[in-house]
>>> print(open('query_9.txt').read())   # compact mmCIF, C-alpha atoms
# COMPACT_ATOMS: atom_id res chain seq x y z
CA MET A 45 -0.79 2.90 31.94
CA LYS A 46 -1.78 3.24 28.28
CA GLU A 47 1.84 3.58 27.19
CA THR A 48 2.86 0.55 29.23
CA LEU A 49 0.05 -1.53 27.71
CA LYS A 50 0.94 -0.33 24.21
CA LYS A 51 4.58 -1.29 24.79
CA TYR A 52 3.86 -4.83 25.97
CA LEU A 53 0.73 -5.65 23.96
CA PRO A 54 2.59 -7.05 20.91
CA LYS A 55 4.58 -9.36 23.18
CA ILE A 56 1.40 -10.50 24.93
CA ILE A 57 -0.26 -11.21 21.57
CA GLY A 58 2.83 -13.11 20.45
CA ILE A 59 2.79 -15.28 23.58
CA GLN A 60 -0.87 -16.09 22.95
CA ILE A 61 -0.20 -17.06 19.33
CA ASN A 62 2.84 -19.17 20.21
CA SER A 63 0.83 -20.99 22.90
CA LEU A 64 -2.21 -21.50 20.67
CA HIS A 65 0.01 -22.87 17.90
CA ARG A 66 1.04 -25.78 20.13
CA VAL A 67 -2.54 -27.01 20.55
CA LYS A 68 -4.47 -25.59 17.58
CA ARG A 69 -1.97 -24.98 14.81
CA ASN A 70 -4.42 -24.08 12.04
CA ARG A 71 -6.39 -21.70 14.25
CA ALA A 72 -3.20 -19.97 15.35
CA ILE A 73 -2.04 -19.46 11.77
CA GLU A 74 -5.41 -18.15 10.62
CA LYS A 75 -5.44 -15.74 13.55
CA THR A 76 -1.89 -14.57 12.76
CA PHE A 77 -2.70 -14.03 9.09
CA LEU A 78 -5.77 -11.96 9.97
CA LEU A 79 -3.74 -9.95 12.44
CA PHE A 80 -1.13 -9.21 9.79
CA CYS A 81 -3.81 -8.08 7.33
CA SER A 82 -5.83 -5.95 9.77
CA PRO A 83 -5.16 -2.19 9.85
CA ARG A 84 -5.73 -0.48 13.20
CA ARG A 85 -6.73 2.91 11.84
CA GLY A 86 -7.31 4.83 8.64
CA LYS A 87 -10.85 6.06 9.20
CA VAL A 88 -11.87 9.49 7.94
CA LEU A 89 -11.49 12.08 10.70
CA PRO A 90 -13.96 14.95 11.21
CA ASP A 91 -11.51 17.58 9.92
CA GLN A 92 -10.95 15.54 6.74
CA LYS A 93 -14.61 15.20 5.84
CA ALA A 94 -15.15 18.64 4.28
CA PHE A 95 -12.44 18.14 1.68
CA LEU A 96 -13.71 14.70 0.70
CA ASP A 97 -17.32 15.91 0.57
CA ALA A 98 -16.35 18.31 -2.22
CA ALA A 99 -15.65 15.37 -4.54
CA LYS A 100 -18.19 13.38 -6.50
CA ALA A 101 -18.52 10.31 -4.29
CA GLU A 102 -19.75 6.89 -5.33
CA LYS A 103 -19.72 3.50 -3.66
CA ILE A 104 -18.95 0.47 -5.81
CA SER A 105 -18.78 -3.22 -5.01
CA VAL A 106 -15.62 -5.23 -5.72
CA GLU A 107 -15.57 -8.93 -4.86
CA GLY A 108 -18.12 -8.45 -2.12
CA LYS A 109 -16.45 -5.37 -0.63
CA THR A 110 -18.01 -1.90 -0.75
CA LEU A 111 -15.43 0.68 -1.77
CA GLN A 112 -15.78 4.44 -1.45
CA THR A 113 -14.59 6.27 -4.56
CA TYR A 114 -13.99 9.98 -5.10
CA CYS A 115 -13.80 11.92 -8.34
CA TRP A 116 -12.54 15.43 -9.08
CA LYS A 117 -13.30 16.10 -12.73
CA GLY A 118 -10.88 18.01 -14.96
CA SER A 119 -10.30 18.47 -18.67
CA GLY A 120 -7.00 16.61 -18.84
CA LYS A 121 -5.79 13.06 -18.35
CA THR A 122 -7.06 10.91 -15.50
CA VAL A 123 -4.93 10.03 -12.47
CA LEU A 124 -5.74 7.12 -10.14
CA LEU A 125 -4.42 7.51 -6.58
CA VAL A 126 -3.72 4.47 -4.37
CA HIS A 127 -3.05 5.30 -0.71
CA GLY A 128 -1.01 3.37 1.83
CA TRP A 129 -1.53 1.32 5.00
CA GLU A 130 -3.78 2.80 7.70
CA SER A 131 -4.52 5.86 5.55
CA ASN A 132 -7.36 7.08 3.34
CA THR A 133 -8.01 9.33 0.34
CA TYR A 134 -7.44 12.51 2.38
CA ARG A 135 -3.69 11.83 2.42
CA TRP A 136 -3.69 12.98 -1.21
CA LYS A 137 -5.17 16.44 -0.47
CA LEU A 138 -2.08 18.48 -1.38
CA LEU A 139 -1.38 16.46 -4.53
CA ILE A 140 -5.02 16.59 -5.58
CA GLU A 141 -4.96 20.38 -5.33
CA LYS A 142 -1.81 20.49 -7.47
CA LEU A 143 -3.33 18.13 -10.04
CA GLN A 144 -6.47 20.25 -10.20
CA GLN A 145 -4.37 23.31 -11.01
CA GLN A 146 -3.08 21.35 -14.02
CA ASN A 147 -6.64 20.31 -15.03
CA TYR A 148 -6.13 16.60 -14.43
CA SER A 149 -9.14 14.43 -13.64
CA ILE A 150 -8.55 12.60 -10.36
CA ILE A 151 -9.90 9.30 -9.12
CA ALA A 152 -9.18 8.06 -5.61
CA PHE A 153 -10.68 5.43 -3.38
CA ASP A 154 -10.45 4.17 0.18
CA ALA A 155 -8.91 0.73 0.35
CA PRO A 156 -10.78 -2.16 1.99
CA ALA A 157 -10.82 -1.70 5.80
CA HIS A 158 -9.82 1.97 5.36
CA GLY A 159 -11.63 5.29 5.26
CA ASN A 160 -15.27 5.00 4.26
CA SER A 161 -14.87 1.61 2.58
CA GLY A 162 -16.05 -1.69 4.03
CA GLY A 163 -14.12 -4.77 5.00
CA LYS A 164 -11.86 -5.75 7.88
CA ILE A 165 -8.65 -6.91 6.20
CA ILE A 166 -6.42 -6.02 3.29
CA HIS A 167 -3.37 -7.44 1.54
CA VAL A 168 -1.63 -6.52 -1.70
CA PRO A 169 -3.32 -9.10 -3.98
CA MET A 170 -6.73 -8.01 -2.64
CA TYR A 171 -5.81 -4.36 -3.09
CA SER A 172 -4.66 -5.14 -6.63
CA SER A 173 -8.10 -6.54 -7.47
CA CYS A 174 -9.59 -3.24 -6.30
CA VAL A 175 -7.17 -1.28 -8.48
CA GLU A 176 -8.11 -3.43 -11.47
CA ALA A 177 -11.79 -2.68 -10.86
CA MET A 178 -11.02 1.06 -10.73
CA ILE A 179 -9.05 0.88 -13.96
CA GLU A 180 -11.86 -0.97 -15.71
CA LYS A 181 -14.44 1.57 -14.51
CA PHE A 182 -12.56 4.87 -14.80
CA GLN A 183 -9.87 4.16 -17.46
CA PRO A 184 -7.09 6.23 -15.86
CA ASP A 185 -3.97 7.20 -17.76
CA ILE A 186 -1.68 7.51 -14.73
CA LEU A 187 -1.26 5.44 -11.57
CA ILE A 188 0.22 6.96 -8.39
CA GLY A 189 0.71 4.92 -5.21
CA HIS A 190 2.14 5.57 -1.76
CA SER A 191 3.74 2.92 0.47
CA VAL A 192 1.59 -0.24 0.30
CA GLY A 193 -0.35 1.52 -2.45
CA ALA A 194 2.89 1.80 -4.41
CA MET A 195 3.60 -1.89 -3.81
CA THR A 196 0.12 -2.62 -5.12
CA ALA A 197 0.63 -0.50 -8.23
CA VAL A 198 3.73 -2.47 -9.21
CA TYR A 199 2.20 -5.84 -8.34
CA HIS A 200 -0.92 -4.97 -10.31
CA GLN A 201 0.93 -3.84 -13.42
CA SER A 202 3.21 -6.87 -13.35
CA ARG A 203 0.13 -9.09 -13.49
CA HIS A 204 -2.25 -7.08 -15.68
CA SER A 205 -0.04 -4.63 -17.59
CA ASN A 206 -2.99 -2.44 -18.58
CA SER A 207 -2.18 -0.73 -21.85
CA THR A 208 -4.20 2.31 -20.77
CA ILE A 209 -1.71 3.15 -17.99
CA GLU A 210 0.88 5.48 -19.51
CA LYS A 211 2.92 6.39 -16.42
CA LEU A 212 3.42 5.27 -12.82
CA VAL A 213 4.61 7.17 -9.76
CA LEU A 214 5.76 5.30 -6.65
CA LEU A 215 6.19 7.08 -3.33
CA ALA A 216 8.15 5.31 -0.58
CA PRO A 217 7.38 1.74 -1.65
CA PRO A 218 8.45 -1.23 0.48
CA SER A 219 9.68 -4.13 -1.62
CA GLU A 220 10.44 -7.42 0.10
CA LEU A 221 7.71 -9.29 1.94
CA SER A 222 10.44 -11.36 3.59
CA GLU A 223 11.79 -8.22 5.29
CA ILE A 224 8.31 -7.16 6.36
CA MET A 225 7.67 -10.59 7.85
CA ASP A 226 11.01 -10.52 9.67
CA ASP A 227 9.91 -7.29 11.36
CA PHE A 228 6.49 -8.78 12.10
CA GLN A 229 8.13 -11.78 13.76
CA LYS A 230 10.43 -9.58 15.87
CA ILE A 231 7.61 -7.30 17.04
CA LEU A 232 5.44 -10.21 18.20
CA GLN A 233 8.37 -12.48 19.09
CA LEU A 234 6.80 -15.35 17.17
CA LYS A 235 8.49 -18.74 17.20
CA PRO A 236 10.16 -20.04 14.00
CA ARG A 237 7.65 -22.89 13.87
CA VAL A 238 4.82 -20.34 13.71
CA MET A 239 6.51 -18.40 10.91
CA LYS A 240 7.15 -21.59 8.94
CA ASP A 241 3.48 -22.52 9.02
CA LEU A 242 2.46 -18.91 8.32
CA GLU A 243 4.62 -18.89 5.19
CA SER A 244 2.96 -22.10 4.00
CA TYR A 245 -0.42 -20.45 4.61
CA PHE A 246 0.64 -17.42 2.52
CA LYS A 247 1.69 -19.74 -0.29
CA GLU A 248 -1.60 -21.61 -0.19
CA LYS A 249 -3.83 -18.56 0.12
CA LEU A 250 -2.00 -15.94 -1.96
CA GLY A 251 0.27 -18.00 -4.19
CA TYR A 252 3.60 -16.75 -2.85
CA ASN A 253 6.00 -17.61 -0.09
CA PHE A 254 7.72 -14.70 1.64
CA HIS A 255 10.81 -14.53 -0.59
CA GLU A 256 8.82 -14.88 -3.81
CA PHE A 257 6.80 -11.75 -3.09
CA SER A 258 9.27 -9.09 -4.17
CA ILE A 259 8.18 -5.77 -5.65
CA ALA A 260 11.69 -5.24 -7.02
CA THR A 261 11.37 -8.53 -8.91
CA PHE A 262 7.87 -7.68 -10.14
CA ALA A 263 9.22 -4.32 -11.39
CA LYS A 264 11.21 -6.13 -14.08
CA LYS A 265 7.96 -6.53 -16.01
CA LEU A 266 7.14 -2.81 -16.05
CA THR A 267 7.50 -1.04 -19.38
CA GLN A 268 5.87 2.35 -18.75
CA PRO A 269 7.88 5.40 -17.73
CA GLY A 270 8.00 5.64 -13.96
CA LEU A 271 9.04 7.99 -11.18
CA VAL A 272 10.20 6.57 -7.84
CA ILE A 273 10.63 8.92 -4.85
CA HIS A 274 11.98 7.83 -1.47
CA ASP A 275 13.46 9.62 1.54
CA ILE A 276 16.83 8.54 2.87
CA TYR A 277 15.53 8.87 6.44
CA ASP A 278 12.36 6.82 5.90
CA LYS A 279 11.84 4.80 9.10
CA ILE A 280 8.94 2.72 7.72
CA ALA A 281 10.29 1.47 4.39
CA PRO A 282 14.06 1.38 3.71
CA ILE A 283 15.32 3.40 0.76
CA SER A 284 17.05 0.22 -0.43
CA ALA A 285 13.59 -0.96 -1.52
CA SER A 286 13.25 1.86 -4.05
CA GLU A 287 16.86 1.46 -5.12
CA ALA A 288 16.18 -2.19 -5.99
CA ILE A 289 12.92 -1.33 -7.76
CA HIS A 290 14.60 1.40 -9.80
CA LYS A 291 17.47 -0.93 -10.73
CA ASN A 292 15.04 -3.49 -12.16
CA TRP A 293 12.68 -0.98 -13.77
CA LYS A 294 14.57 0.10 -16.85
CA ASN A 295 12.29 3.01 -17.73
CA SER A 296 12.25 4.66 -14.29
CA THR A 297 13.64 7.83 -12.73
CA PHE A 298 14.68 7.78 -9.07
CA ILE A 299 14.64 10.80 -6.77
CA LYS A 300 16.08 10.66 -3.26
CA THR A 301 14.80 13.18 -0.74
CA GLU A 302 16.18 14.20 2.63
CA GLY A 303 13.87 14.97 5.53
CA ALA A 304 10.51 14.18 3.91
CA GLY A 305 10.09 10.96 5.89
CA HIS A 306 7.79 8.16 4.83
CA SER A 307 4.99 10.52 3.79
CA VAL A 308 7.15 12.14 1.04
CA ASN A 309 4.54 14.85 0.79
CA ASN A 310 6.05 18.32 0.47
CA GLU A 311 6.04 21.13 -2.09
CA THR A 312 9.24 20.07 -3.84
CA ILE A 313 8.08 16.47 -4.19
CA LEU A 314 4.68 17.53 -5.50
CA THR A 315 6.39 19.76 -8.07
CA ASN A 316 8.59 16.83 -9.17
CA ILE A 317 5.50 14.67 -9.65
CA ILE A 318 3.71 17.32 -11.72
CA GLN A 319 6.78 17.89 -13.88
CA PHE A 320 7.07 14.16 -14.54
CA LEU A 321 3.39 13.87 -15.46
CA ASN A 322 3.56 16.87 -17.79
CA GLN A 323 6.57 15.58 -19.75
>>> encode(input="query_9.txt", output="structure tokens")
Amino acid sequence: MKETLKKYLPKIIGIQINSLHRVKRNRAIEKTFLLFCSPRRGKVLPDQKAFLDAAKAEKISVEGKTLQTYCWKGSGKTVLLVHGWESNTYRWKLLIEKLQQQNYSIIAFDAPAHGNSGGKIIHVPMYSSCVEAMIEKFQPDILIGHSVGAMTAVYHQSRHSNSTIEKLVLLAPPSELSEIMDDFQKILQLKPRVMKDLESYFKEKLGYNFHEFSIATFAKKLTQPGLVIHDIYDKIAPISASEAIHKNWKNSTFIKTEGAGHSVNNETILTNIIQFLNQ
């Protein structure tokens, strides 16, 4: 029964939105936007708690949202970690342990609506504001992001271009919001009229229509050395996204993996990251 409900729930939600849009257009679009920005999971699980408890934890407020931060102090440069959609700081456990072996200081935080942070929604511009607050507070030298966190790292640097950030590492970044929204429309089977109004809402609220929000385009503004890693079998974000980002980011190195999936989180990849940071 659960599997049947899970299979048909997106279609049911889409029918509701399409119907509501006919009678209450604004309400339907607001509801759709919130749905798009609302993660379903990403909370800290009981078996993850012990690792996170070993860090120096601090809650800070950013634009009315309470964010959980974690710090592992070392004697070397400082790395800021930015996790992906429906995840939390624990996803960095293996990399954190590698970075500690190299004496890096490590800063990580749970995104809004994720982990031990507050909030109910998240989108890249909001996440970027959180990254900016972390940079102002902790002054990291290196920025590493995974998935939506990698999108956020590029978007943030294209807008702020913090001189303190010396290097960036992107793991499995999506690129084109237009492609993401195409998938969103197909999953919910939303009518074109709904998507047209939703795009106008994005433009009004976030400053971009779907085609304008392109991480590959934003990457043209990056000047720091960068490492981009993506798996050819990634089923969440197409490798073409990283190929386009790398093409536009003149000072980047691109590594293709095979079999690491969207998590791109194995020993070889971690070694590549450490080697890049130590150069």
>>> closest_residue(input="query_9.txt", among="A:His290, A:Arg237, A:Lys164, A:Lys264", to="Phe80 (chain A)", atoms="only C-alpha atoms")
A:Lys164
>>> closest_residue(input="query_9.txt", among="A:Lys235, A:His167, A:Lys137, A:His204", to="Leu250 (chain A)", atoms="all atoms listed in the file")
A:His167
>>> residues_around(input="query_9.txt", residues="Val175 (chain A)", least_positions_apart="2", cutoff="12 Å", atoms="all atoms listed in the file", output="mmCIF file with C-alpha atoms, in the coordinates of the input")
data_model
loop_
_atom_site.group_PDB
_atom_site.id
_atom_site.type_symbol
_atom_site.label_atom_id
_atom_site.label_comp_id
_atom_site.auth_asym_id
_atom_site.auth_seq_id
_atom_site.Cartn_x
_atom_site.Cartn_y
_atom_site.Cartn_z
ATOM 1 C CA VAL A 106 -15.620 -5.230 -5.720
ATOM 2 C CA GLU A 107 -15.570 -8.930 -4.860
ATOM 3 C CA LEU A 111 -15.430 0.680 -1.770
ATOM 4 C CA THR A 113 -14.590 6.270 -4.560
ATOM 5 C CA LEU A 124 -5.740 7.120 -10.140
ATOM 6 C CA LEU A 125 -4.420 7.510 -6.580
ATOM 7 C CA VAL A 126 -3.720 4.470 -4.370
ATOM 8 C CA HIS A 127 -3.050 5.300 -0.710
ATOM 9 C CA ILE A 151 -9.900 9.300 -9.120
ATOM 10 C CA ALA A 152 -9.180 8.060 -5.610
ATOM 11 C CA PHE A 153 -10.680 5.430 -3.380
ATOM 12 C CA ASP A 154 -10.450 4.170 0.180
ATOM 13 C CA ALA A 155 -8.910 0.730 0.350
ATOM 14 C CA PRO A 156 -10.780 -2.160 1.990
ATOM 15 C CA VAL A 168 -1.630 -6.520 -1.700
ATOM 16 C CA PRO A 169 -3.320 -9.100 -3.980
ATOM 17 C CA MET A 170 -6.730 -8.010 -2.640
ATOM 18 C CA TYR A 171 -5.810 -4.360 -3.090
ATOM 19 C CA SER A 172 -4.660 -5.140 -6.630
ATOM 20 C CA SER A 173 -8.100 -6.540 -7.470
ATOM 21 C CA ALA A 177 -11.790 -2.680 -10.860
ATOM 22 C CA MET A 178 -11.020 1.060 -10.730
ATOM 23 C CA ILE A 179 -9.050 0.880 -13.960
ATOM 24 C CA GLU A 180 -11.860 -0.970 -15.710
ATOM 25 C CA LYS A 181 -14.440 1.570 -14.510
ATOM 26 C CA PHE A 182 -12.560 4.870 -14.800
ATOM 27 C CA GLN A 183 -9.870 4.160 -17.460
ATOM 28 C CA PRO A 184 -7.090 6.230 -15.860
ATOM 29 C CA LEU A 187 -1.260 5.440 -11.570
ATOM 30 C CA ILE A 188 0.220 6.960 -8.390
ATOM 31 C CA GLY A 189 0.710 4.920 -5.210
ATOM 32 C CA GLY A 193 -0.350 1.520 -2.450
ATOM 33 C CA ALA A 194 2.890 1.800 -4.410
ATOM 34 C CA MET A 195 3.600 -1.890 -3.810
ATOM 35 C CA THR A 196 0.120 -2.620 -5.120
ATOM 36 C CA ALA A 197 0.630 -0.500 -8.230
ATOM 37 C CA VAL A 198 3.730 -2.470 -9.210
ATOM 38 C CA TYR A 199 2.200 -5.840 -8.340
ATOM 39 C CA HIS A 200 -0.920 -4.970 -10.310
ATOM 40 C CA GLN A 201 0.930 -3.840 -13.420
ATOM 41 C CA ARG A 203 0.130 -9.090 -13.490
ATOM 42 C CA HIS A 204 -2.250 -7.080 -15.680
ATOM 43 C CA ASN A 206 -2.990 -2.440 -18.580
ATOM 44 C CA ILE A 209 -1.710 3.150 -17.990
#
>>> atom_distance(input="query_9.txt", atom1="CA of Met239 (chain A)", atom2="CA of Ile56 (chain A)")
16.9 Å
>>> residues_around(input="query_9.txt", residues="Gly118 (chain A)", least_positions_apart="5", cutoff="6 Å", atoms="all atoms listed in the file", output="PDB file with C-alpha atoms, in the coordinates of the input")
ATOM      1  CA  ASN A 147      -6.640  20.310 -15.030  1.00  0.00           C
ATOM      2  CA  TYR A 148      -6.130  16.600 -14.430  1.00  0.00           C
ATOM      3  CA  SER A 149      -9.140  14.430 -13.640  1.00  0.00           C
TER       4      SER A 149
END
>>> residues_around(input="query_9.txt", residues="Phe254 (chain A)", least_positions_apart="5", cutoff="12 Å", atoms="only C-alpha atoms", output="mmCIF file with C-alpha atoms, keeping the file's coordinate frame")
data_model
loop_
_atom_site.group_PDB
_atom_site.id
_atom_site.type_symbol
_atom_site.label_atom_id
_atom_site.label_comp_id
_atom_site.auth_asym_id
_atom_site.auth_seq_id
_atom_site.Cartn_x
_atom_site.Cartn_y
_atom_site.Cartn_z
ATOM 1 C CA SER A 219 9.680 -4.130 -1.620
ATOM 2 C CA GLU A 220 10.440 -7.420 0.100
ATOM 3 C CA LEU A 221 7.710 -9.290 1.940
ATOM 4 C CA SER A 222 10.440 -11.360 3.590
ATOM 5 C CA GLU A 223 11.790 -8.220 5.290
ATOM 6 C CA ILE A 224 8.310 -7.160 6.360
ATOM 7 C CA MET A 225 7.670 -10.590 7.850
ATOM 8 C CA ASP A 226 11.010 -10.520 9.670
ATOM 9 C CA MET A 239 6.510 -18.400 10.910
ATOM 10 C CA LYS A 240 7.150 -21.590 8.940
ATOM 11 C CA ASP A 241 3.480 -22.520 9.020
ATOM 12 C CA LEU A 242 2.460 -18.910 8.320
ATOM 13 C CA GLU A 243 4.620 -18.890 5.190
ATOM 14 C CA SER A 244 2.960 -22.100 4.000
ATOM 15 C CA TYR A 245 -0.420 -20.450 4.610
ATOM 16 C CA PHE A 246 0.640 -17.420 2.520
ATOM 17 C CA LYS A 247 1.690 -19.740 -0.290
ATOM 18 C CA GLU A 248 -1.600 -21.610 -0.190
ATOM 19 C CA ILE A 259 8.180 -5.770 -5.650
#
>>> closest_residue(input="query_9.txt", among="A:Val308, A:Val238, A:Leu321, A:Leu138", to="Asn70 (chain A)", atoms="only C-alpha atoms")
A:Val238
>>> closest_residue(input="query_9.txt", among="A:Thr208, A:Lys100, A:Thr301, A:Ile231", to="Leu53 (chain A)", atoms="only C-alpha atoms")
A:Ile231
>>> atom_distance(input="query_9.txt", atom1="CA of Asn253 (chain A)", atom2="CA of Lys279 (chain A)")
24.9 Å
>>> atom_distance(input="query_9.txt", atom1="CA of Lys103 (chain A)", atom2="CA of Gln146 (chain A)")
26.5 Å
>>> closest_residue(input="query_9.txt", among="A:Pro217, A:Pro269, A:Gly303, A:Gly159", to="Lys93 (chain A)", atoms="only C-alpha atoms")
A:Gly159
>>> closest_residue(input="query_9.txt", among="A:Asn295, A:Gln60, A:Thr312, A:Ser105", to="Ile73 (chain A)", atoms="all atoms listed in the file")
A:Gln60
>>> residues_around(input="query_9.txt", residues="Lys300 (chain A)", least_positions_apart="6", cutoff="6 Å", atoms="all atoms listed in the file", output="tab-separated table (two decimals) with C-alpha atoms, keeping the file's coordinate frame")
chain	number	residue	atom	x	y	z
A	273	ILE	CA	10.63	8.92	-4.85
A	274	HIS	CA	11.98	7.83	-1.47
A	275	ASP	CA	13.46	9.62	1.54
